[in-house]
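Trainee: Structure below; questions to follow.
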Amino acid sequence: MTTEPARQLRNVLEALAANVYFAPEALDRYTALGLDYFAGYFCSRSAGMGRLTGETVAAVFGVFNPDVVVPSVDRGWAATEPEALLEARQAGATESLTRILREANGGTLPDGVERATELLRQAGEATAANGHPIHAGLRAQGWPGDAVGDLWRAADLLREYRGDTHNAAWVAGGVDAVEITLLTELWWGIPLNAYAPTRGFTDEQRAAAVTRMQDRGLLDGEAITDAGRAAREAIEAATDRGDEAVLAALGDDLDELLDLIGPWATAVVEAKGYPVDPSSLATIARR
């Protein structure tokens, strides 16, 4: 089955790749370029695709309120250019992960960084740019040439590949941007509106989405129904199927890869380089 290995890989890649969004080394560089947090986030993550409009960034990212994205992107591009942000993002990610991995390993990098990168690149060779815009933008950036930088780039490529697939899956699954976020909270087992406000949608927009899902039988009050859980699981299963070529490229090497990078992902979470252990949410969601 694709589901279990796809989600195991997702969980370990998430903390490694997305540490850049919480790394002070990256955030300080964005501040030096004149960007606040939101301008830095939206513009740095989209910079591989060029100087996109805010409307386009909102469309590609999928789950954020355009009313928040558009002015943030406008502020970002008024202050800097994609090339400067890409350099800042890469340097910040590399410096942060290097710090965390060294601290977790007695001051030196752990063994296996180059091997993990080799395996991640092996998996990445099976991906296709078609239908994966954020992933495609990263593919065009090349490799940093630093051991940890290359590890991060390889992880980020696969993370965004799955993310692009996931956006297509929930659109095809018949939910909108607000609904997928609220439904995911309950599927994870966390309270309604515990996470969704970070996507920028208003109280009114989120309340309207709850009503729509209640009317469709996905929610009963503020609880997810069996139909809602099945709908959300079907979206994740469709996302898992998008990873079939990645998993086939890894083959029997998947276990080695998970053994290598799993402890590093844990180190990132323990260093507060990522806000939650993704595997804990995955465990809750399987209940």
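Letters for chains follow the order of the structure tokens (A, B, ...), residue numbers begin at 1 for each chain, and ligand numbers begin at 1 in the order shown.
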Using 9 Å as the limit and counting only C-alpha atoms, can you tabulate each residue of range 113-230 of chain A that touches range 262-281 of chain A, with its shortest atom-to-atom distance in Å and the two atoms involved, as CSV?
Mentor:
residue,atom,partner,partner_atom,distance
A:Trp187,CA,A:Leu281,CA,8.9
A:Trp188,CA,A:Leu281,CA,5.4
A:Gly189,CA,A:Leu281,CA,7.6
A:Ile190,CA,A:Leu281,CA,8.7
Trainee: Please provide the set of residues having any atom within 7 Å of range 78-81 of chain A, restricted to only C-alpha atoms, with same-chain residues fewer than 5 positions apart removed, written as a PDB file with N, CA, C and O atoms, in the first residue's frame.
Mentor:
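Final file, selection_8.pdb:
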ATOM      1  N   LEU A  33      15.969  42.778   4.732  1.00  0.00           N
ATOM      2  CA  LEU A  33      15.528  43.194   3.396  1.00  0.00           C
ATOM      3  C   LEU A  33      14.307  44.107   3.449  1.00  0.00           C
ATOM      4  O   LEU A  33      13.821  44.558   2.407  1.00  0.00           O
ATOM      5  N   GLY A  34      13.788  44.364   4.653  1.00  0.00           N
ATOM      6  CA  GLY A  34      12.657  45.267   4.806  1.00  0.00           C
ATOM      7  C   GLY A  34      11.303  44.588   4.818  1.00  0.00           C
ATOM      8  O   GLY A  34      10.278  45.247   4.623  1.00  0.00           O
ATOM      9  N   LEU A  35      11.263  43.280   5.103  1.00  0.00           N
ATOM     10  CA  LEU A  35      10.022  42.526   5.051  1.00  0.00           C
ATOM     11  C   LEU A  35       9.549  42.142   6.444  1.00  0.00           C
ATOM     12  O   LEU A  35      10.355  41.770   7.301  1.00  0.00           O
TER      13      LEU A  35
END
Trainee: Among range 110-255 of chain A, which ones does DSSP place in strand (DSSP E or B), written as an MDAnalysis selection string?
Mentor: chainID A and resid 219:220 223:224
Trainee: For the interface of range 198-272 of chain A with range 118-140 of chain A (cut-off 7 Å, counting only C-alpha atoms), please tabulate each contacting residue of range 198-272 of chain A alongside its nearest pair of atoms and their separation in Å to one decimal, rows sorted by chain and increasing number, as JSON lines.
Mentor:
{"residue": "A:Ala245", "atom": "CA", "partner": "A:Ala126", "partner_atom": "CA", "distance": 5.7}
{"residue": "A:Val246", "atom": "CA", "partner": "A:Ala123", "partner_atom": "CA", "distance": 4.9}
{"residue": "A:Leu247", "atom": "CA", "partner": "A:Ala123", "partner_atom": "CA", "distance": 6.9}
{"residue": "A:Ala249", "atom": "CA", "partner": "A:Ala123", "partner_atom": "CA", "distance": 5.3}
{"residue": "A:Leu250", "atom": "CA", "partner": "A:Ala123", "partner_atom": "CA", "distance": 5.6}
{"residue": "A:Leu257", "atom": "CA", "partner": "A:Leu119", "partner_atom": "CA", "distance": 6.6}
Trainee: Please produce an output containing N, CA and C atoms for each residue in the selection, written as a compact mmCIF listing (two decimals), in the first residue's frame.
Mentor:
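Saved to out_34.txt:
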# COMPACT_ATOMS: atom_id res chain seq x y z
N ALA A 245 5.22 7.34 -7.55
CA ALA A 245 6.47 7.31 -8.33
C ALA A 245 7.67 7.59 -7.42
N VAL A 246 7.49 8.48 -6.45
CA VAL A 246 8.56 8.79 -5.49
C VAL A 246 8.93 7.55 -4.70
N LEU A 247 7.92 6.85 -4.21
CA LEU A 247 8.16 5.66 -3.40
C LEU A 247 8.76 4.54 -4.24
N ALA A 249 10.70 4.95 -6.78
CA ALA A 249 12.10 5.29 -7.02
C ALA A 249 12.97 4.96 -5.82
N LEU A 250 12.42 5.09 -4.63
CA LEU A 250 13.18 4.75 -3.42
C LEU A 250 13.25 3.24 -3.22
N LEU A 257 16.30 5.60 4.43
CA LEU A 257 16.08 7.05 4.45
C LEU A 257 15.34 7.48 5.71
Trainee: In Å to one decimal, how far is CA of Pro82 in chain A from CA of Val70 in chain A?
Mentor: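 Those two atoms sit 16.1 Å apart.
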Trainee: Can you tell me which residues surround Asp243 in chain A at a distance of at most 12 Å, considering only C-alpha atoms, apart from same-chain residues fewer than 2 positions away, and format the answer as a VMD selection string?
Mentor: chain A and resid 1 to 10 123 to 124 126 to 128 158 to 166 236 to 241 245 to 250
Trainee: Pick out the residues sitting within 9 Å of Phe201 in chain A, and hand them over as a count of residues only; count only C-alpha atoms, and ignore anything fewer than 5 positions along from it in its own chain.
Mentor: 8
Trainee: Identify, on the basis of only C-alpha atoms, every residue whose closest approach to Met213 in chain A does not exceed 10 Å; exclude the query and any residue fewer than 6 positions from it along the same chain; express the result as a list of chain:residue names.
Mentor: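 Near Met213 in chain A, the qualifying residues are A:Val175, A:Glu179, A:Leu182, A:Leu183, A:Leu219, A:Asp220, A:Gly221, A:Glu222, A:Ile224, A:Gly228.
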Trainee: Taking all heavy atoms for each residue, export the selection above as a PDB file, in the first residue's frame.
Mentor:
ATOM      1  N   VAL A 175     -14.156  20.450  -1.778  1.00  0.00           N
ATOM      2  CA  VAL A 175     -14.139  21.401  -0.672  1.00  0.00           C
ATOM      3  C   VAL A 175     -13.353  22.633  -1.083  1.00  0.00           C
ATOM      4  O   VAL A 175     -12.563  22.601  -2.036  1.00  0.00           O
ATOM      5  CB  VAL A 175     -13.536  20.787   0.606  1.00  0.00           C
ATOM      6  CG1 VAL A 175     -14.418  19.666   1.121  1.00  0.00           C
ATOM      7  CG2 VAL A 175     -12.126  20.276   0.368  1.00  0.00           C
ATOM      8  N   GLU A 179     -12.866  25.263   3.995  1.00  0.00           N
ATOM      9  CA  GLU A 179     -13.393  23.978   4.431  1.00  0.00           C
ATOM     10  C   GLU A 179     -12.297  22.933   4.636  1.00  0.00           C
ATOM     11  O   GLU A 179     -12.341  22.183   5.608  1.00  0.00           O
ATOM     12  CB  GLU A 179     -14.418  23.482   3.402  1.00  0.00           C
ATOM     13  CG  GLU A 179     -15.665  24.341   3.343  1.00  0.00           C
ATOM     14  CD  GLU A 179     -16.538  24.047   2.127  1.00  0.00           C
ATOM     15  OE1 GLU A 179     -16.132  23.208   1.278  1.00  0.00           O
ATOM     16  OE2 GLU A 179     -17.612  24.670   2.016  1.00  0.00           O
ATOM     17  N   LEU A 182     -10.575  23.620   8.041  1.00  0.00           N
ATOM     18  CA  LEU A 182     -11.401  23.261   9.191  1.00  0.00           C
ATOM     19  C   LEU A 182     -11.591  21.755   9.294  1.00  0.00           C
ATOM     20  O   LEU A 182     -11.512  21.179  10.388  1.00  0.00           O
ATOM     21  CB  LEU A 182     -12.758  23.961   9.078  1.00  0.00           C
ATOM     22  CG  LEU A 182     -12.739  25.486   9.191  1.00  0.00           C
ATOM     23  CD1 LEU A 182     -14.072  26.077   8.747  1.00  0.00           C
ATOM     24  CD2 LEU A 182     -12.417  25.922  10.621  1.00  0.00           C
ATOM     25  N   LEU A 183     -11.826  21.114   8.163  1.00  0.00           N
ATOM     26  CA  LEU A 183     -12.020  19.667   8.164  1.00  0.00           C
ATOM     27  C   LEU A 183     -10.745  18.946   8.615  1.00  0.00           C
ATOM     28  O   LEU A 183     -10.801  17.948   9.337  1.00  0.00           O
ATOM     29  CB  LEU A 183     -12.426  19.213   6.764  1.00  0.00           C
ATOM     30  CG  LEU A 183     -13.096  17.846   6.615  1.00  0.00           C
ATOM     31  CD1 LEU A 183     -14.404  17.792   7.404  1.00  0.00           C
ATOM     32  CD2 LEU A 183     -13.363  17.556   5.144  1.00  0.00           C
ATOM     33  N   LEU A 219     -20.146  17.744   8.969  1.00  0.00           N
ATOM     34  CA  LEU A 219     -20.023  18.096  10.376  1.00  0.00           C
ATOM     35  C   LEU A 219     -21.376  17.940  11.048  1.00  0.00           C
ATOM     36  O   LEU A 219     -22.428  18.178  10.441  1.00  0.00           O
ATOM     37  CB  LEU A 219     -19.544  19.549  10.545  1.00  0.00           C
ATOM     38  CG  LEU A 219     -18.203  19.972   9.966  1.00  0.00           C
ATOM     39  CD1 LEU A 219     -17.915  21.421  10.343  1.00  0.00           C
ATOM     40  CD2 LEU A 219     -17.088  19.057  10.443  1.00  0.00           C
ATOM     41  N   ASP A 220     -21.336  17.598  12.332  1.00  0.00           N
ATOM     42  CA  ASP A 220     -22.514  17.591  13.191  1.00  0.00           C
ATOM     43  C   ASP A 220     -22.199  18.541  14.328  1.00  0.00           C
ATOM     44  O   ASP A 220     -21.435  18.195  15.244  1.00  0.00           O
ATOM     45  CB  ASP A 220     -22.790  16.183  13.700  1.00  0.00           C
ATOM     46  CG  ASP A 220     -24.020  16.116  14.604  1.00  0.00           C
ATOM     47  OD1 ASP A 220     -24.707  17.154  14.739  1.00  0.00           O
ATOM     48  OD2 ASP A 220     -24.284  15.046  15.183  1.00  0.00           O
ATOM     49  N   GLY A 221     -22.754  19.731  14.264  1.00  0.00           N
ATOM     50  CA  GLY A 221     -22.312  20.779  15.177  1.00  0.00           C
ATOM     51  C   GLY A 221     -20.872  21.117  14.869  1.00  0.00           C
ATOM     52  O   GLY A 221     -20.551  21.496  13.743  1.00  0.00           O
ATOM     53  N   GLU A 222     -19.991  20.950  15.869  1.00  0.00           N
ATOM     54  CA  GLU A 222     -18.563  21.179  15.649  1.00  0.00           C
ATOM     55  C   GLU A 222     -17.780  19.878  15.653  1.00  0.00           C
ATOM     56  O   GLU A 222     -16.549  19.883  15.789  1.00  0.00           O
ATOM     57  CB  GLU A 222     -18.015  22.136  16.712  1.00  0.00           C
ATOM     58  CG  GLU A 222     -18.564  23.550  16.587  1.00  0.00           C
ATOM     59  CD  GLU A 222     -17.823  24.553  17.443  1.00  0.00           C
ATOM     60  OE1 GLU A 222     -16.992  24.124  18.272  1.00  0.00           O
ATOM     61  OE2 GLU A 222     -18.077  25.762  17.287  1.00  0.00           O
ATOM     62  N   ILE A 224     -16.758  16.241  13.598  1.00  0.00           N
ATOM     63  CA  ILE A 224     -16.685  15.632  12.276  1.00  0.00           C
ATOM     64  C   ILE A 224     -17.546  14.373  12.260  1.00  0.00           C
ATOM     65  O   ILE A 224     -17.568  13.603  13.219  1.00  0.00           O
ATOM     66  CB  ILE A 224     -15.218  15.326  11.902  1.00  0.00           C
ATOM     67  CG1 ILE A 224     -15.094  14.956  10.424  1.00  0.00           C
ATOM     68  CG2 ILE A 224     -14.626  14.256  12.802  1.00  0.00           C
ATOM     69  CD1 ILE A 224     -13.634  14.894   9.944  1.00  0.00           C
ATOM     70  N   GLY A 228     -17.750  13.038   6.975  1.00  0.00           N
ATOM     71  CA  GLY A 228     -16.689  14.038   6.914  1.00  0.00           C
ATOM     72  C   GLY A 228     -15.318  13.410   7.028  1.00  0.00           C
ATOM     73  O   GLY A 228     -14.380  13.782   6.313  1.00  0.00           O
TER      74      GLY A 228
END
Trainee: Using only C-alpha atoms, I'd like a table of the residues in range 108-153 of chain A that come within 10 Å of range 90-97 of chain A; for each, show the closest atom pair and its distance in Å rounded to one decimal, ordered by chain and ascending number, as JSON lines.
Mentor:
{"residue": "A:Leu109", "atom": "CA", "partner": "A:Leu97", "partner_atom": "CA", "distance": 10.0}
{"residue": "A:Trp143", "atom": "CA", "partner": "A:Gln90", "partner_atom": "CA", "distance": 9.8}
{"residue": "A:Pro144", "atom": "CA", "partner": "A:Gln90", "partner_atom": "CA", "distance": 7.5}
{"residue": "A:Asp146", "atom": "CA", "partner": "A:Thr94", "partner_atom": "CA", "distance": 8.0}
{"residue": "A:Ala147", "atom": "CA", "partner": "A:Thr94", "partner_atom": "CA", "distance": 8.8}
{"residue": "A:Val148", "atom": "CA", "partner": "A:Thr94", "partner_atom": "CA", "distance": 5.9}
{"residue": "A:Gly149", "atom": "CA", "partner": "A:Thr94", "partner_atom": "CA", "distance": 4.7}
{"residue": "A:Asp150", "atom": "CA", "partner": "A:Thr94", "partner_atom": "CA", "distance": 8.4}
{"residue": "A:Leu151", "atom": "CA", "partner": "A:Thr94", "partner_atom": "CA", "distance": 8.8}
{"residue": "A:Trp152", "atom": "CA", "partner": "A:Thr94", "partner_atom": "CA", "distance": 7.0}
{"residue": "A:Arg153", "atom": "CA", "partner": "A:Gln90", "partner_atom": "CA", "distance": 8.2}
Trainee: Write down as a PyMOL selection string the residues belonging to range 127-287 of chain A that are assigned alpha helix (DSSP H) by DSSP computed on the backbone.
Mentor: chain A and resi 133-139+147-172+177-188+203-215+226-241+244-250+254-270+278-285
